[in-house]
Amino acid sequence: MVEKYVKGRVWKFSDNVDTDQIIPAKYLVTGDRQKLAKHAFENVRPEFAEEVREGDIIVGGKNFGSGSSREHAPRALLGAGITCVIAPSFARIFYRNSINIGLPLVECDVNAEDGSIIAVDFEEGKIVNADTGDVHAFPPLPDFLMKLLDVGLIENTKRKLKGTNG
Amino acid sequence: MIIATSCEGITCWWCDKSWRLIACEFPYIGSPPNTRVMGMTIAEKILAIHAGKSSVSPREIVDARIDYVMVNDVTGLPAFEVFEEFQTSSIIENTVLIQDHYVPNKDVASAEQAKSMREFAGKYKLKNHFDVGRGGVCHQIMIEHGFAAPGRLIVGADSHTCSYGALGALSTGIGSSEAASAMATGELWFKVPETQKFVVNGKLGKNVMGKDIILHIIGDIGVSGSLYKSMEFYGSAIESLQLSDRITISNMAIEAGAKCGIIPPDDAVFNYLKNRVVGEYTPVYADEDSEYDDTFEYDASEIRAMVAKPHLPENVVPASEIDVGIDQAYLGSCTNGRIEDMRVAAEILKDRKVHPDVRMIVVPASKSVFEQMLREGLIEVFMDADAYVSGPTCGACLGGYMGVLAEGERCISSTNRNFIGRMGHKDSEVYLANPAVVAASAVTGRITDPDDIESN
């Protein structure tokens with residue numbers, strides 16, 4: 001089950017963060033989240049892997065996760081302890097991959113800086129910046145995606161194979 | 001009579017079905033006010049057929065049957081691990097495993113990954129496993145071996161899976177976990193995309209290729225200009241393109257954020273597929289009254305040989321308007337590693353030498369491209385020019401190996417991405433261009449419009 005409410009420290013990124021930035025191709029020799037996390041954003045934010053803490057939140061610009069289909073990208077973020085990525089828009093494969101493996105994404109244009117503390121309420125569709133008091137509303141995920149995020153693609157597929165997918 | 005006035009979810013009074021049906025069971029006379037009866041775009045129709053529905057609407061989520069699912073050596077390992085978690089022995093026959101990214105094995109870790117693919121293929125008796133020396137770059141193999149065909153729904157754990165749109169397929173990139181799920185169930189969920197129409201009319205100039213059409217479009221709409229959407233390409237310039245150039249266009253649809261980039265199939269496709277295609281196929285075309293999110297029109301005669309500057313494919317300028325020195329020229333990849341691309345570059349390099357300060361690396365996209373290069377004497381042309389020719393691999397396109405860039409180095413490349421650190425060091429630079437620009441630049445040592453070198 002994915003948390004319905006998360007609060008954490010922000011890592012702010014600009015537009016068009018591609019999956020090569022999230023995890024450079026030379027590390028695509030493992031699927032292990034923890035191993036991948038050690039190299040997350042290595043080229044563009046070399047301090048990230050060292051300083052990221054469990055519960056941190058990424059706030060990106062438009063088209064976050066563009067480029068390669070590598071599922072290693074959301075895996076690296078989960079391995080780094082990221083609980084949510086917020087951006088005005090996401091690249092579609094990154095979006096699918098994240099939902100499938102249980103990394104919540106929120107499509108929303110949020111005012112936040114590096115180090116801001118923000119809280120995300122997935123059920124209410126609300127983001128609060130604890131530093132500025134700014135509140136942003138976002139439409140919750142469609143039911144289908146919310147269920148998939150909650151159950152996970154692996155479990156969802158197991159149920160489908162057993163014919164118990166309801 | 002109509003019981004709704006919006007364009008979606010309109011229910012026919014008589015047959016109680018959506019007006020998006022290809023044909024209502026009852027004759028309808030006249031169009032009621034404020035209503036539209038719409039057909040489907042190619043992507044909508046392929047998804048409807050594979051979801052077993054008579055029609056679908058944009059943004060609708062459907063479960064659809066998959067015709068093929070493909071993984072490569074990089075995305076394969078995580079997929080195989082997930083597949084084992086399903087604890088099932090059933091796997092769809094149309095699973096294709098292709099070793100291309102880091103093979104021949106670049107190091108021990110990639111050797112282990114490649115080994116896991118061999119073992120998976122053996123364990124589940126998968127006949128479509130293309131190992132070193134038998135295949136090449138995954139998308140080229142999917143096309144050459146007749147897996148990609150009109151009307152098919154194909155997914156692959158590689159973002160450039162959208163390439164097969166050039167043959168009229170709906171093909172799109174997915175992640176490793178869902179590739180495993182598709183192997184086990186033969187199905188996958190899709191959000192029906194909205195469709196954008198791109199019409200390119202007129203005649204392309206000399207040394208202007210499919211690559212320039214798609215770079216020009218991405219320069220116009222931006223790298224998120226088609227986010228989540230299906231691109232459909234029309235017009236006399238598209239129709240007159242050979243298949244290899246069309247593949248380049250569909251291949252780079254993802255660089256505009258698109259789910260797929262589809263070109264209506266014609267004789268160029270049908271002839272290519274003769275004696276090649278596996279199984280039957282049914283071409284799918286858009287209805288005349290299908291609805292497009294947007295329509296963009298371009299005049300082919302105004303499109304020049306383009307270059308996309310670092311670090312986004314949308315940073316496009318004509319090659320003639322840029323003057324920077326290069327350290328490396330890279331010709332290859334799923335974007336421009338076909339025999340037609342090799343011929344264009346060889347034509348320019350014949351009786352010329354690669355500039356002494358430049359390394360030129362030539363990587364055919366498949367074994368059969370390599371063989372054809374041998375037959376036509378192109379390998380000799382490249383070697384006489386001092387270019388390095390390797391066997392097929394994704395190699396340096398994604399900064400893997402076989403031509404990785406050092407700090408501060410600059411590469412003119414026929415590939416698809418110029419992201420930060422894409423081909424090597426984070427402070428190296430990639431300029432994207434067509435094979436003619438790559439070859440001309442290799443000769444002069446600076447980014448060069450081939451028209452300029454040929455007139456010298």
# chains A, B, ... in the order shown; residues from 1 in each chain; ligands from 1
$ residues_around --residues "Phe90 of chain A" --least-positions-apart "6" --cutoff "12 Å" --atoms "only C-alpha atoms" --output "ChimeraX atom specification"
/A:15-19,59-67,96-99,104-109 /B:223-224,226-228,257-258
$ write_last_selection --atoms "C-alpha atoms" --output "PDB file, in the first residue's frame"
ATOM      1  CA  ASP A  15      12.147  21.272 -17.118  1.00  0.00           C
ATOM      2  CA  ASN A  16      12.891  18.183 -19.228  1.00  0.00           C
ATOM      3  CA  VAL A  17      14.780  16.112 -16.655  1.00  0.00           C
ATOM      4  CA  ASP A  18      15.497  13.010 -18.717  1.00  0.00           C
ATOM      5  CA  THR A  19      16.064   9.477 -17.481  1.00  0.00           C
ATOM      6  CA  VAL A  59       9.559  18.794  -7.530  1.00  0.00           C
ATOM      7  CA  GLY A  60      10.370  18.897 -11.221  1.00  0.00           C
ATOM      8  CA  GLY A  61       9.499  21.028 -14.230  1.00  0.00           C
ATOM      9  CA  LYS A  62       7.511  20.003 -17.266  1.00  0.00           C
ATOM     10  CA  ASN A  63       8.203  16.754 -19.139  1.00  0.00           C
ATOM     11  CA  PHE A  64       9.880  15.109 -16.144  1.00  0.00           C
ATOM     12  CA  GLY A  65      11.355  11.678 -16.916  1.00  0.00           C
ATOM     13  CA  SER A  66      11.682  12.131 -20.670  1.00  0.00           C
ATOM     14  CA  GLY A  67      13.793   9.938 -22.925  1.00  0.00           C
ATOM     15  CA  ARG A  96       3.680   4.332 -16.371  1.00  0.00           C
ATOM     16  CA  ASN A  97       6.826   2.873 -14.836  1.00  0.00           C
ATOM     17  CA  SER A  98       6.441   4.917 -11.654  1.00  0.00           C
ATOM     18  CA  ILE A  99       2.796   4.010 -11.106  1.00  0.00           C
ATOM     19  CA  PRO A 104       3.355   8.213  -6.663  1.00  0.00           C
ATOM     20  CA  LEU A 105       3.405  11.036  -9.195  1.00  0.00           C
ATOM     21  CA  VAL A 106       1.416  14.239  -8.990  1.00  0.00           C
ATOM     22  CA  GLU A 107       0.749  16.393 -12.024  1.00  0.00           C
ATOM     23  CA  CYS A 108       0.821  19.870 -10.550  1.00  0.00           C
ATOM     24  CA  ASP A 109       2.777  23.106 -10.968  1.00  0.00           C
TER      25      ASP A 109
ATOM     26  CA  VAL B 223      10.345  18.052 -26.808  1.00  0.00           C
ATOM     27  CA  SER B 224       6.996  17.883 -25.028  1.00  0.00           C
ATOM     28  CA  SER B 226       3.346  15.627 -28.437  1.00  0.00           C
ATOM     29  CA  LEU B 227       3.394  14.473 -24.826  1.00  0.00           C
ATOM     30  CA  TYR B 228       1.137  11.407 -24.330  1.00  0.00           C
ATOM     31  CA  GLY B 257       7.147  13.035 -26.040  1.00  0.00           C
ATOM     32  CA  ALA B 258       4.744  11.047 -28.240  1.00  0.00           C
TER      33      ALA B 258
END
$ closest_atom_pairs --of "chain B" --to "chain A" --cutoff "7 Å" --atoms "only C-alpha atoms" --output "Markdown table"
| residue | atom | partner | partner_atom | distance |
| --- | --- | --- | --- | --- |
| B:Val74 | CA | A:Leu28 | CA | 6.2 |
| B:Thr75 | CA | A:Arg70 | CA | 6.7 |
| B:Pro78 | CA | A:Gly31 | CA | 5.2 |
| B:Phe86 | CA | A:Lys158 | CA | 5.6 |
| B:Ala109 | CA | A:Val29 | CA | 5.7 |
| B:Ser110 | CA | A:Val29 | CA | 5.7 |
| B:Gln113 | CA | A:Val29 | CA | 6.6 |
| B:Ala157 | CA | A:Ser69 | CA | 6.4 |
| B:Asp158 | CA | A:Ser69 | CA | 5.3 |
| B:Ser159 | CA | A:Ser69 | CA | 4.7 |
| B:Gly173 | CA | A:Ser69 | CA | 6.3 |
| B:Ile174 | CA | A:Ile93 | CA | 5.7 |
| B:Gly175 | CA | A:Glu71 | CA | 5.2 |
| B:Ser176 | CA | A:Glu71 | CA | 6.1 |
| B:Ser181 | CA | A:Thr157 | CA | 6.1 |
| B:Thr185 | CA | A:Leu161 | CA | 6.8 |
| B:Ser224 | CA | A:Asn63 | CA | 6.1 |
| B:Leu227 | CA | A:Ala91 | CA | 6.6 |
| B:Tyr228 | CA | A:Arg92 | CA | 5.7 |
| B:Glu255 | CA | A:Gly67 | CA | 6.8 |
| B:Gly257 | CA | A:Ala91 | CA | 6.2 |
| B:Leu398 | CA | A:Ala25 | CA | 6.4 |
| B:Gly399 | CA | A:Ala25 | CA | 6.6 |
| B:Gly400 | CA | A:Lys26 | CA | 5.9 |
| B:Arg422 | CA | A:Asp20 | CA | 6.7 |
| B:Lys426 | CA | A:Asn43 | CA | 5.7 |
$ residues_around --residues "Asp100 of chain B" --least-positions-apart "6" --cutoff "9 Å" --atoms "only C-alpha atoms" --output "PyMOL selection string"
chain B and resi 72-74+130-132+135-138+392-395
$ select_by_dssp --residues "chain A" --states "alpha helix (DSSP H)" --output "ChimeraX atom specification"
/A:19-22,33-37,48-51,72-79,92-101,143-151,153-162
$ atom_distance --atom1 "atom CA of Thr161 of chain B" --atom2 "atom CA of Leu374 of chain B"
27.7 Å
$ residues_around --residues "Val437 of chain B" --least-positions-apart "2" --cutoff "12 Å" --atoms "only C-alpha atoms" --output "compact mmCIF listing (two decimals) with N, CA and C atoms, in the first residue's frame"
# COMPACT_ATOMS: atom_id res chain seq x y z
N LYS B 206 18.25 18.21 -51.89
CA LYS B 206 19.33 17.23 -51.86
C LYS B 206 19.96 17.21 -50.45
N ASN B 207 20.33 16.05 -50.01
CA ASN B 207 20.95 15.88 -48.68
C ASN B 207 20.02 16.22 -47.52
N VAL B 208 18.74 16.36 -47.81
CA VAL B 208 17.75 16.56 -46.75
C VAL B 208 16.98 15.26 -46.63
N MET B 209 16.87 14.74 -45.41
CA MET B 209 16.35 13.39 -45.21
C MET B 209 15.19 13.36 -44.22
N LYS B 211 15.33 12.43 -41.30
CA LYS B 211 15.85 12.96 -40.04
C LYS B 211 15.57 14.46 -39.93
N ASP B 212 15.71 15.16 -41.05
CA ASP B 212 15.53 16.61 -41.02
C ASP B 212 14.06 16.99 -40.85
N ARG B 304 15.64 22.31 -44.25
CA ARG B 304 17.06 22.20 -44.59
C ARG B 304 17.68 21.01 -43.86
N ALA B 305 18.93 20.72 -44.16
CA ALA B 305 19.68 19.73 -43.38
C ALA B 305 19.90 20.36 -42.00
N MET B 306 19.37 19.71 -40.96
CA MET B 306 19.30 20.32 -39.63
C MET B 306 20.32 19.71 -38.67
N VAL B 307 20.57 20.47 -37.61
CA VAL B 307 21.39 19.97 -36.50
C VAL B 307 20.68 20.33 -35.21
N ALA B 308 20.57 19.35 -34.28
CA ALA B 308 20.02 19.65 -32.95
C ALA B 308 21.19 19.81 -31.99
N PRO B 318 19.65 25.06 -38.89
CA PRO B 318 20.20 24.48 -40.13
C PRO B 318 21.71 24.26 -39.98
N ALA B 319 22.19 23.15 -40.54
CA ALA B 319 23.62 22.81 -40.42
C ALA B 319 24.50 23.93 -40.99
N SER B 320 23.98 24.62 -41.98
CA SER B 320 24.78 25.69 -42.62
C SER B 320 24.96 26.90 -41.71
N ILE B 322 25.69 26.81 -38.45
CA ILE B 322 26.44 26.52 -37.23
C ILE B 322 27.88 26.20 -37.60
N ALA B 329 32.67 11.71 -35.15
CA ALA B 329 31.47 11.63 -35.99
C ALA B 329 30.93 10.21 -35.86
N TYR B 330 29.67 10.08 -35.47
CA TYR B 330 29.10 8.76 -35.20
C TYR B 330 27.95 8.49 -36.16
N LEU B 331 28.09 7.41 -36.91
CA LEU B 331 27.05 7.03 -37.87
C LEU B 331 26.51 5.65 -37.47
N ASN B 336 19.44 6.00 -37.57
CA ASN B 336 20.08 6.14 -38.88
C ASN B 336 21.24 5.16 -39.05
N ASP B 341 21.25 4.74 -45.07
CA ASP B 341 22.04 5.77 -44.39
C ASP B 341 23.52 5.60 -44.70
N VAL B 344 24.36 6.92 -48.19
CA VAL B 344 24.43 8.39 -48.23
C VAL B 344 25.79 8.86 -47.71
N ALA B 345 26.22 8.30 -46.58
CA ALA B 345 27.49 8.72 -45.98
C ALA B 345 28.67 8.29 -46.84
N ALA B 346 28.59 7.07 -47.38
CA ALA B 346 29.70 6.56 -48.20
C ALA B 346 29.87 7.38 -49.47
N GLU B 347 28.78 7.83 -50.02
CA GLU B 347 28.82 8.67 -51.22
C GLU B 347 29.66 9.92 -50.97
N ILE B 348 29.50 10.49 -49.79
CA ILE B 348 30.25 11.70 -49.44
C ILE B 348 31.71 11.37 -49.11
N LEU B 349 31.92 10.22 -48.46
CA LEU B 349 33.28 9.87 -48.00
C LEU B 349 34.14 9.26 -49.10
N CYS B 411 30.63 15.62 -30.45
CA CYS B 411 30.34 14.58 -31.45
C CYS B 411 29.17 14.99 -32.32
N ILE B 412 29.34 14.85 -33.63
CA ILE B 412 28.20 14.97 -34.54
C ILE B 412 27.68 13.55 -34.71
N SER B 413 26.39 13.35 -34.52
CA SER B 413 25.89 11.98 -34.41
C SER B 413 24.56 11.80 -35.14
N SER B 414 24.42 10.65 -35.80
CA SER B 414 23.17 10.34 -36.50
C SER B 414 22.15 9.71 -35.56
N TYR B 431 25.73 16.62 -31.03
CA TYR B 431 24.93 17.34 -32.02
C TYR B 431 24.28 16.30 -32.93
N LEU B 432 22.96 16.34 -33.02
CA LEU B 432 22.25 15.34 -33.82
C LEU B 432 22.08 15.84 -35.27
N ALA B 433 22.26 14.91 -36.21
CA ALA B 433 22.10 15.30 -37.62
C ALA B 433 21.85 14.07 -38.48
N ASN B 434 21.59 14.30 -39.75
CA ASN B 434 21.38 13.17 -40.67
C ASN B 434 22.73 12.59 -41.10
N PRO B 435 22.75 11.41 -41.73
CA PRO B 435 24.02 10.77 -42.10
C PRO B 435 24.88 11.59 -43.06
N ALA B 439 28.71 12.70 -42.24
CA ALA B 439 29.84 12.37 -43.13
C ALA B 439 30.58 13.64 -43.56
N ALA B 440 29.82 14.67 -43.94
CA ALA B 440 30.45 15.92 -44.39
C ALA B 440 31.26 16.55 -43.25
N SER B 441 30.70 16.49 -42.05
CA SER B 441 31.40 17.07 -40.90
C SER B 441 32.65 16.27 -40.55
N ALA B 442 32.58 14.96 -40.74
CA ALA B 442 33.75 14.11 -40.47
C ALA B 442 34.90 14.53 -41.37
N VAL B 443 34.59 14.91 -42.59
CA VAL B 443 35.63 15.30 -43.55
C VAL B 443 36.24 16.65 -43.20
N THR B 444 35.40 17.62 -42.87
CA THR B 444 35.91 18.98 -42.63
C THR B 444 36.39 19.19 -41.20
N GLY B 445 35.90 18.34 -40.27
CA GLY B 445 36.27 18.53 -38.87
C GLY B 445 35.40 19.56 -38.17
N ARG B 446 34.46 20.13 -38.89
CA ARG B 446 33.52 21.09 -38.31
C ARG B 446 32.12 20.72 -38.77
N ILE B 447 31.11 21.11 -38.06
CA ILE B 447 29.76 20.78 -38.50
C ILE B 447 29.49 21.48 -39.83
N THR B 448 29.11 20.66 -40.80
CA THR B 448 29.10 21.12 -42.19
C THR B 448 27.84 20.68 -42.93
N ASP B 449 27.25 21.58 -43.66
CA ASP B 449 26.14 21.22 -44.55
C ASP B 449 26.75 20.49 -45.74
N PRO B 450 26.26 19.30 -46.06
CA PRO B 450 26.86 18.53 -47.16
C PRO B 450 26.84 19.26 -48.50
N ASP B 451 25.90 20.16 -48.68
CA ASP B 451 25.87 20.93 -49.94
C ASP B 451 27.17 21.72 -50.10
N ASP B 452 27.73 22.17 -48.99
CA ASP B 452 28.94 22.98 -49.06
C ASP B 452 30.15 22.14 -49.46
N ILE B 453 30.26 20.96 -48.90
CA ILE B 453 31.41 20.11 -49.21
C ILE B 453 31.33 19.59 -50.65
N GLU B 454 30.13 19.31 -51.11
CA GLU B 454 29.98 18.72 -52.44
C GLU B 454 30.27 19.72 -53.55
$ decode --residues "segment 178-290 of chain B" --atoms "C-alpha atoms" --output "CSV table (one decimal), in the first residue's frame"
chain,number,residue,atom,x,y,z
B,178,GLU,CA,5.1,-4.2,-17.7
B,179,ALA,CA,7.0,-6.0,-20.4
B,180,ALA,CA,7.1,-9.0,-18.0
B,181,SER,CA,3.4,-8.6,-17.4
B,182,ALA,CA,2.7,-8.5,-21.1
B,183,MET,CA,4.8,-11.6,-21.6
B,184,ALA,CA,2.7,-13.4,-19.0
B,185,THR,CA,-0.8,-12.1,-19.9
B,186,GLY,CA,-0.5,-11.1,-23.5
B,187,GLU,CA,-2.2,-7.9,-22.6
B,188,LEU,CA,-1.4,-4.4,-21.3
B,189,TRP,CA,-3.4,-1.3,-20.3
B,190,PHE,CA,-3.3,1.7,-22.5
B,191,LYS,CA,-4.7,5.2,-22.2
B,192,VAL,CA,-6.0,6.0,-25.7
B,193,PRO,CA,-4.0,9.0,-26.9
B,194,GLU,CA,-5.2,12.1,-28.6
B,195,THR,CA,-3.8,12.3,-32.1
B,196,GLN,CA,-2.0,15.1,-33.8
B,197,LYS,CA,-1.8,15.3,-37.6
B,198,PHE,CA,1.5,16.4,-39.3
B,199,VAL,CA,1.2,17.1,-43.0
B,200,VAL,CA,4.4,17.6,-45.0
B,201,ASN,CA,3.9,18.5,-48.6
B,202,GLY,CA,6.4,19.3,-51.3
B,203,LYS,CA,9.8,18.0,-52.3
B,204,LEU,CA,12.8,17.7,-50.1
B,205,GLY,CA,16.1,19.2,-51.2
B,206,LYS,CA,19.3,17.2,-51.9
B,207,ASN,CA,20.9,15.9,-48.7
B,208,VAL,CA,17.8,16.6,-46.7
B,209,MET,CA,16.3,13.4,-45.2
B,210,GLY,CA,13.6,12.0,-43.0
B,211,LYS,CA,15.9,13.0,-40.0
B,212,ASP,CA,15.5,16.6,-41.0
B,213,ILE,CA,11.7,16.4,-41.2
B,214,ILE,CA,11.4,15.1,-37.7
B,215,LEU,CA,14.1,17.4,-36.3
B,216,HIS,CA,12.3,20.3,-38.0
B,217,ILE,CA,9.0,19.2,-36.4
B,218,ILE,CA,10.5,18.8,-33.0
B,219,GLY,CA,12.2,22.2,-33.3
B,220,ASP,CA,8.7,23.6,-34.0
B,221,ILE,CA,6.6,21.8,-31.3
B,222,GLY,CA,9.3,21.2,-28.7
B,223,VAL,CA,10.3,18.1,-26.8
B,224,SER,CA,7.0,17.9,-25.0
B,225,GLY,CA,5.0,19.0,-28.0
B,226,SER,CA,3.3,15.6,-28.4
B,227,LEU,CA,3.4,14.5,-24.8
B,228,TYR,CA,1.1,11.4,-24.3
B,229,LYS,CA,-0.1,11.8,-27.9
B,230,SER,CA,-0.1,9.9,-31.2
B,231,MET,CA,1.6,11.6,-34.1
B,232,GLU,CA,0.2,10.8,-37.6
B,233,PHE,CA,2.2,11.8,-40.6
B,234,TYR,CA,0.7,12.7,-44.0
B,235,GLY,CA,1.5,14.6,-47.2
B,236,SER,CA,3.3,14.1,-50.5
B,237,ALA,CA,6.8,14.5,-48.9
B,238,ILE,CA,6.1,11.6,-46.5
B,239,GLU,CA,4.6,9.5,-49.2
B,240,SER,CA,7.6,9.9,-51.4
B,241,LEU,CA,10.1,8.9,-48.6
B,242,GLN,CA,11.7,5.5,-48.7
B,243,LEU,CA,10.9,3.3,-45.8
B,244,SER,CA,14.3,3.9,-44.0
B,245,ASP,CA,13.6,7.6,-43.8
B,246,ARG,CA,10.1,7.0,-42.5
B,247,ILE,CA,11.5,4.8,-39.8
B,248,THR,CA,13.8,7.7,-38.7
B,249,ILE,CA,10.7,9.9,-38.4
B,250,SER,CA,8.7,7.4,-36.4
B,251,ASN,CA,11.8,6.5,-34.3
B,252,MET,CA,12.1,10.1,-33.0
B,253,ALA,CA,8.4,10.6,-32.2
B,254,ILE,CA,9.4,9.9,-28.6
B,255,GLU,CA,11.7,12.9,-28.7
B,256,ALA,CA,8.6,15.0,-29.0
B,257,GLY,CA,7.1,13.0,-26.0
B,258,ALA,CA,4.7,11.0,-28.2
B,259,LYS,CA,3.4,7.6,-27.5
B,260,CYS,CA,3.7,6.7,-31.1
B,261,GLY,CA,4.4,8.2,-34.6
B,262,ILE,CA,2.4,6.5,-37.3
B,263,ILE,CA,2.6,6.7,-41.1
B,264,PRO,CA,-0.3,5.2,-43.1
B,265,PRO,CA,1.2,2.1,-44.8
B,266,ASP,CA,1.5,2.0,-48.6
B,267,ASP,CA,3.2,-0.1,-51.3
B,268,ALA,CA,6.6,0.9,-49.9
B,269,VAL,CA,5.7,-1.0,-46.7
B,270,PHE,CA,3.8,-3.9,-48.4
B,271,ASN,CA,6.6,-4.6,-50.8
B,272,TYR,CA,9.2,-4.5,-48.0
B,273,LEU,CA,7.1,-7.0,-46.0
B,274,LYS,CA,6.8,-9.5,-48.9
B,275,ASN,CA,8.6,-12.8,-48.0
B,276,ARG,CA,9.5,-11.2,-44.7
B,277,VAL,CA,6.5,-10.7,-42.5
B,278,VAL,CA,5.7,-13.3,-39.9
B,279,GLY,CA,2.0,-14.1,-40.0
B,280,GLU,CA,-0.8,-12.1,-41.5
B,281,TYR,CA,-1.5,-8.4,-41.1
B,282,THR,CA,-4.3,-6.0,-41.8
B,283,PRO,CA,-3.5,-2.4,-42.6
B,284,VAL,CA,-5.4,0.2,-40.6
B,285,TYR,CA,-6.2,3.7,-41.8
B,286,ALA,CA,-7.8,6.7,-40.2
B,287,ASP,CA,-11.4,7.5,-40.9
B,288,GLU,CA,-11.9,10.6,-43.0
B,289,ASP,CA,-13.9,12.2,-40.2
B,290,SER,CA,-11.5,11.2,-37.5
